[in-house]
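J.: Please read through the structure below; I'll follow up with questions.
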Amino acid sequence: MPELSLALLQQENSPLRPVVQQALDQDRIVPRFHFHAPPLPAPALETACCWLWDLAGFSPEQMDSLARELSGDRQGVVVASPEPGSRLVTAVESCQALQLLVNPTRPDQVSAAITCAAQVHRRVIDLVAEREEVRQQVADRVVVEQAKRLVMQQRGISEPAAMRFLQESSRRRNQKLAVTARKILSKGAA
């Protein structure tokens, strides 16, 4: 399993600070980023990582801003709070948190939440990458089909013959089939 990339979002005066620090020390986790207030810098948000967000000490406005910034596929969030309440529910829903900790008192509670969220987050990242790959494959297939129809029309040949023409052209040029198809479509001639 790849090393955990963790960002910590926590106020200096948080009552959860000692238990969170004990969990990080126990698991030998050094946060990649550590922030105390919004806005979060772009490099932190462009990096796929797990966030441990301790809500203690953040104003409602800061929580709203942070929840917006942390929502999305690239971020996996563990929300921790010293007490339950409507602000906690709002934060969890807004940032699509993967785990929730309410008044954790032992480091193993924090560790377990981070580990579980990290595993789910890695799976989400993998699924997003797979989704993008499938989207590209479908887009490439559409382009090949369009080019094949153009070749059939211009050369007056059958569909299998048009496909062979595209494949042979692609091989001769040492290009992927979709690249050759796009070039044929951009020229408008086979």
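Each chain in the structure tokens gets a letter, A, B, ..., in the order shown, and its residues are numbered from 1; ligands are numbered from 1 in order too.
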Write out as a ChimeraX atom specification the residues lying within 10 Å of Phe58 in chain A, counting only C-alpha atoms and excluding same-chain residues fewer than 5 positions away.
T.: /A:10-11,14,36-38,63-64,66
J.: Which residues are close to Arg155 in chain A, i.e. within 12 Å by only C-alpha atoms, leaving aside same-chain residues fewer than 6 positions away? Reply as a list in words.
T.: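 The contact residues come out as Ala147, Lys148, Arg149, Ala161, Ala162, Phe165, Ala189 and Ala190 of chain A.
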J.: Write a file of the just-selected residues containing N, CA and C atoms, as an mmCIF file, in the first residue's frame.
T.:
```cif
data_model
loop_
_atom_site.group_PDB
_atom_site.id
_atom_site.type_symbol
_atom_site.label_atom_id
_atom_site.label_comp_id
_atom_site.auth_asym_id
_atom_site.auth_seq_id
_atom_site.Cartn_x
_atom_site.Cartn_y
_atom_site.Cartn_z
ATOM 1 N N ALA A 147 -14.374 8.361 -38.577
ATOM 2 C CA ALA A 147 -13.370 8.278 -39.642
ATOM 3 C C ALA A 147 -13.655 7.096 -40.556
ATOM 4 N N LYS A 148 -14.095 6.013 -39.988
ATOM 5 C CA LYS A 148 -14.407 4.828 -40.784
ATOM 6 C C LYS A 148 -15.552 5.133 -41.756
ATOM 7 N N ARG A 149 -16.569 5.824 -41.282
ATOM 8 C CA ARG A 149 -17.687 6.205 -42.163
ATOM 9 C C ARG A 149 -17.213 7.123 -43.285
ATOM 10 N N ALA A 161 -13.344 -3.139 -44.859
ATOM 11 C CA ALA A 161 -12.237 -2.602 -45.662
ATOM 12 C C ALA A 161 -11.814 -1.232 -45.138
ATOM 13 N N ALA A 162 -12.765 -0.412 -44.732
ATOM 14 C CA ALA A 162 -12.446 0.907 -44.176
ATOM 15 C C ALA A 162 -11.677 0.766 -42.864
ATOM 16 N N PHE A 165 -8.189 -0.177 -43.696
ATOM 17 C CA PHE A 165 -7.489 1.010 -44.202
ATOM 18 C C PHE A 165 -6.987 1.861 -43.029
ATOM 19 N N ALA A 189 -10.482 14.145 -45.575
ATOM 20 C CA ALA A 189 -10.209 13.264 -46.721
ATOM 21 C C ALA A 189 -9.399 12.061 -46.254
ATOM 22 N N ALA A 190 -9.702 10.937 -46.878
ATOM 23 C CA ALA A 190 -8.986 9.722 -46.533
ATOM 24 C C ALA A 190 -7.898 9.430 -47.527
#
```
J.: So which residues touch range 74-88 of chain A within 6 Å, counting only C-alpha atoms, skipping near sequence neighbours fewer than 6 positions away, as a PyMOL selection string?
T.: chain A and resi 48-55+97-103+121
J.: Using the selection just defined, write its residues with N, CA and C atoms as an mmCIF file, in the first residue's frame.
T.:
```
data_model
loop_
_atom_site.group_PDB
_atom_site.id
_atom_site.type_symbol
_atom_site.label_atom_id
_atom_site.label_comp_id
_atom_site.auth_asym_id
_atom_site.auth_seq_id
_atom_site.Cartn_x
_atom_site.Cartn_y
_atom_site.Cartn_z
ATOM 1 N N ALA A 48 -3.765 14.891 -4.389
ATOM 2 C CA ALA A 48 -4.725 13.929 -3.847
ATOM 3 C C ALA A 48 -4.206 13.475 -2.490
ATOM 4 N N CYS A 49 -4.952 13.779 -1.448
ATOM 5 C CA CYS A 49 -4.533 13.340 -0.124
ATOM 6 C C CYS A 49 -5.726 13.249 0.807
ATOM 7 N N CYS A 50 -5.473 12.682 1.962
ATOM 8 C CA CYS A 50 -6.482 12.576 3.005
ATOM 9 C C CYS A 50 -6.304 13.769 3.950
ATOM 10 N N TRP A 51 -7.411 14.345 4.350
ATOM 11 C CA TRP A 51 -7.386 15.490 5.257
ATOM 12 C C TRP A 51 -7.974 15.078 6.591
ATOM 13 N N LEU A 52 -7.327 15.479 7.669
ATOM 14 C CA LEU A 52 -7.903 15.356 8.997
ATOM 15 C C LEU A 52 -8.289 16.774 9.397
ATOM 16 N N TRP A 53 -9.594 17.015 9.439
ATOM 17 C CA TRP A 53 -10.107 18.353 9.729
ATOM 18 C C TRP A 53 -10.717 18.356 11.116
ATOM 19 N N ASP A 54 -10.066 19.016 12.028
ATOM 20 C CA ASP A 54 -10.543 19.188 13.397
ATOM 21 C C ASP A 54 -11.348 20.493 13.423
ATOM 22 N N LEU A 55 -12.642 20.379 13.628
ATOM 23 C CA LEU A 55 -13.523 21.549 13.538
ATOM 24 C C LEU A 55 -13.374 22.539 14.691
ATOM 25 N N ALA A 97 -17.447 13.986 3.761
ATOM 26 C CA ALA A 97 -16.457 13.325 4.615
ATOM 27 C C ALA A 97 -16.553 11.803 4.519
ATOM 28 N N LEU A 98 -15.407 11.155 4.581
ATOM 29 C CA LEU A 98 -15.340 9.698 4.539
ATOM 30 C C LEU A 98 -15.432 9.080 5.932
ATOM 31 N N GLN A 99 -15.049 9.841 6.935
ATOM 32 C CA GLN A 99 -15.102 9.362 8.319
ATOM 33 C C GLN A 99 -15.469 10.521 9.234
ATOM 34 N N LEU A 100 -16.045 10.164 10.380
ATOM 35 C CA LEU A 100 -16.460 11.154 11.369
ATOM 36 C C LEU A 100 -15.968 10.707 12.737
ATOM 37 N N LEU A 101 -15.351 11.615 13.458
ATOM 38 C CA LEU A 101 -14.912 11.366 14.832
ATOM 39 C C LEU A 101 -15.546 12.402 15.739
ATOM 40 N N VAL A 102 -16.296 11.945 16.747
ATOM 41 C CA VAL A 102 -16.870 12.869 17.714
ATOM 42 C C VAL A 102 -16.203 12.602 19.057
ATOM 43 N N ASN A 103 -15.502 13.597 19.535
ATOM 44 C CA ASN A 103 -14.777 13.565 20.791
ATOM 45 C C ASN A 103 -13.919 12.307 20.965
ATOM 46 N N HIS A 121 -10.420 6.513 0.229
ATOM 47 C CA HIS A 121 -9.955 7.586 -0.650
ATOM 48 C C HIS A 121 -9.120 7.035 -1.801
#
```
J.: Can you list every residue in range 4-182 of chain A that DSSP puts in alpha helix (DSSP H), as an NGL selection string?
T.: :A and (17-26 or 42-46 or 60-70 or 86-95 or 107-155 or 159-173 or 177-182)
J.: Those same residues, written as a CSV table (one decimal), in the first residue's frame with C-alpha atoms?
T.:
```csv
chain,number,residue,atom,x,y,z
A,17,ARG,CA,-4.8,18.4,19.5
A,18,PRO,CA,-3.1,16.0,22.0
A,19,VAL,CA,-5.0,12.9,21.0
A,20,VAL,CA,-4.5,13.7,17.3
A,21,GLN,CA,-0.8,14.3,17.8
A,22,GLN,CA,-0.5,11.0,19.8
A,23,ALA,CA,-2.2,9.1,16.9
A,24,LEU,CA,0.1,10.7,14.3
A,25,ASP,CA,3.2,10.0,16.4
A,26,GLN,CA,2.1,6.4,17.1
A,42,ALA,CA,-3.9,25.6,-4.5
A,43,PRO,CA,-1.0,23.2,-4.3
A,44,ALA,CA,-2.6,21.5,-1.3
A,45,LEU,CA,-5.9,21.1,-3.1
A,46,GLU,CA,-4.3,19.8,-6.3
A,60,PRO,CA,-19.1,29.1,10.8
A,61,GLU,CA,-17.8,31.2,7.9
A,62,GLN,CA,-14.4,29.4,7.9
A,63,MET,CA,-16.2,26.0,8.1
A,64,ASP,CA,-18.3,26.9,5.1
A,65,SER,CA,-15.3,28.1,3.1
A,66,LEU,CA,-13.2,25.0,4.0
A,67,ALA,CA,-16.1,22.6,3.3
A,68,ARG,CA,-16.4,24.0,-0.2
A,69,GLU,CA,-12.6,23.8,-0.8
A,70,LEU,CA,-12.4,20.2,0.5
A,86,SER,CA,-25.6,20.8,13.6
A,87,ARG,CA,-22.3,22.5,12.6
A,88,LEU,CA,-20.7,19.0,12.5
A,89,VAL,CA,-23.4,17.5,10.4
A,90,THR,CA,-23.2,20.4,8.0
A,91,ALA,CA,-19.5,20.1,7.7
A,92,VAL,CA,-19.7,16.3,7.1
A,93,GLU,CA,-22.3,16.7,4.4
A,94,SER,CA,-20.7,19.7,2.7
A,95,CYS,CA,-17.2,18.2,2.3
A,107,PRO,CA,-5.2,7.7,19.6
A,108,ASP,CA,-6.4,4.4,18.2
A,109,GLN,CA,-9.8,5.9,17.4
A,110,VAL,CA,-8.1,8.6,15.3
A,111,SER,CA,-5.7,6.1,13.7
A,112,ALA,CA,-8.6,3.8,12.7
A,113,ALA,CA,-10.5,6.7,11.2
A,114,ILE,CA,-7.5,7.9,9.2
A,115,THR,CA,-6.7,4.4,8.0
A,116,CYS,CA,-10.2,3.6,6.9
A,117,ALA,CA,-10.7,7.0,5.2
A,118,ALA,CA,-7.3,6.6,3.4
A,119,GLN,CA,-8.3,3.2,2.0
A,120,VAL,CA,-11.7,4.5,0.8
A,121,HIS,CA,-10.0,7.6,-0.6
A,122,ARG,CA,-7.4,5.5,-2.6
A,123,ARG,CA,-10.3,3.4,-4.0
A,124,VAL,CA,-12.1,6.6,-5.0
A,125,ILE,CA,-9.0,8.0,-6.7
A,126,ASP,CA,-8.6,4.6,-8.6
A,127,LEU,CA,-12.2,4.7,-9.7
A,128,VAL,CA,-12.0,8.3,-10.9
A,129,ALA,CA,-8.9,7.3,-13.0
A,130,GLU,CA,-10.7,4.3,-14.4
A,131,ARG,CA,-13.7,6.5,-15.2
A,132,GLU,CA,-11.5,8.9,-17.1
A,133,GLU,CA,-9.8,6.1,-19.0
A,134,VAL,CA,-13.2,4.7,-20.1
A,135,ARG,CA,-14.4,8.1,-21.2
A,136,GLN,CA,-11.2,8.5,-23.3
A,137,GLN,CA,-11.7,5.0,-24.8
A,138,VAL,CA,-15.3,5.8,-25.7
A,139,ALA,CA,-14.3,9.2,-27.2
A,140,ASP,CA,-11.6,7.4,-29.2
A,141,ARG,CA,-14.0,4.8,-30.4
A,142,VAL,CA,-16.5,7.5,-31.6
A,143,VAL,CA,-13.7,9.2,-33.6
A,144,VAL,CA,-12.6,5.9,-35.2
A,145,GLU,CA,-16.2,5.2,-36.2
A,146,GLN,CA,-16.6,8.7,-37.7
A,147,ALA,CA,-13.4,8.3,-39.6
A,148,LYS,CA,-14.4,4.8,-40.8
A,149,ARG,CA,-17.7,6.2,-42.2
A,150,LEU,CA,-15.8,9.0,-44.0
A,151,VAL,CA,-13.4,6.5,-45.5
A,152,MET,CA,-16.3,4.2,-46.6
A,153,GLN,CA,-18.1,7.2,-48.2
A,154,GLN,CA,-15.0,8.7,-49.9
A,155,ARG,CA,-13.5,5.4,-51.1
A,159,GLU,CA,-16.9,-1.2,-43.3
A,160,PRO,CA,-14.3,-4.0,-42.8
A,161,ALA,CA,-12.2,-2.6,-45.7
A,162,ALA,CA,-12.4,0.9,-44.2
A,163,MET,CA,-11.4,-0.4,-40.8
A,164,ARG,CA,-8.4,-2.3,-42.4
A,165,PHE,CA,-7.5,1.0,-44.2
A,166,LEU,CA,-7.5,2.9,-40.9
A,167,GLN,CA,-5.5,0.2,-39.2
A,168,GLU,CA,-2.9,0.0,-41.9
A,169,SER,CA,-2.6,3.8,-42.0
A,170,SER,CA,-2.1,3.8,-38.3
A,171,ARG,CA,0.6,1.1,-38.5
A,172,ARG,CA,2.4,2.9,-41.3
A,173,ARG,CA,2.5,6.1,-39.3
A,177,LEU,CA,-5.7,4.3,-34.3
A,178,ALA,CA,-7.6,7.2,-32.7
A,179,VAL,CA,-4.8,9.7,-33.6
A,180,THR,CA,-4.9,8.5,-37.3
A,181,ALA,CA,-8.7,8.8,-37.3
A,182,ARG,CA,-8.6,12.4,-35.9
```
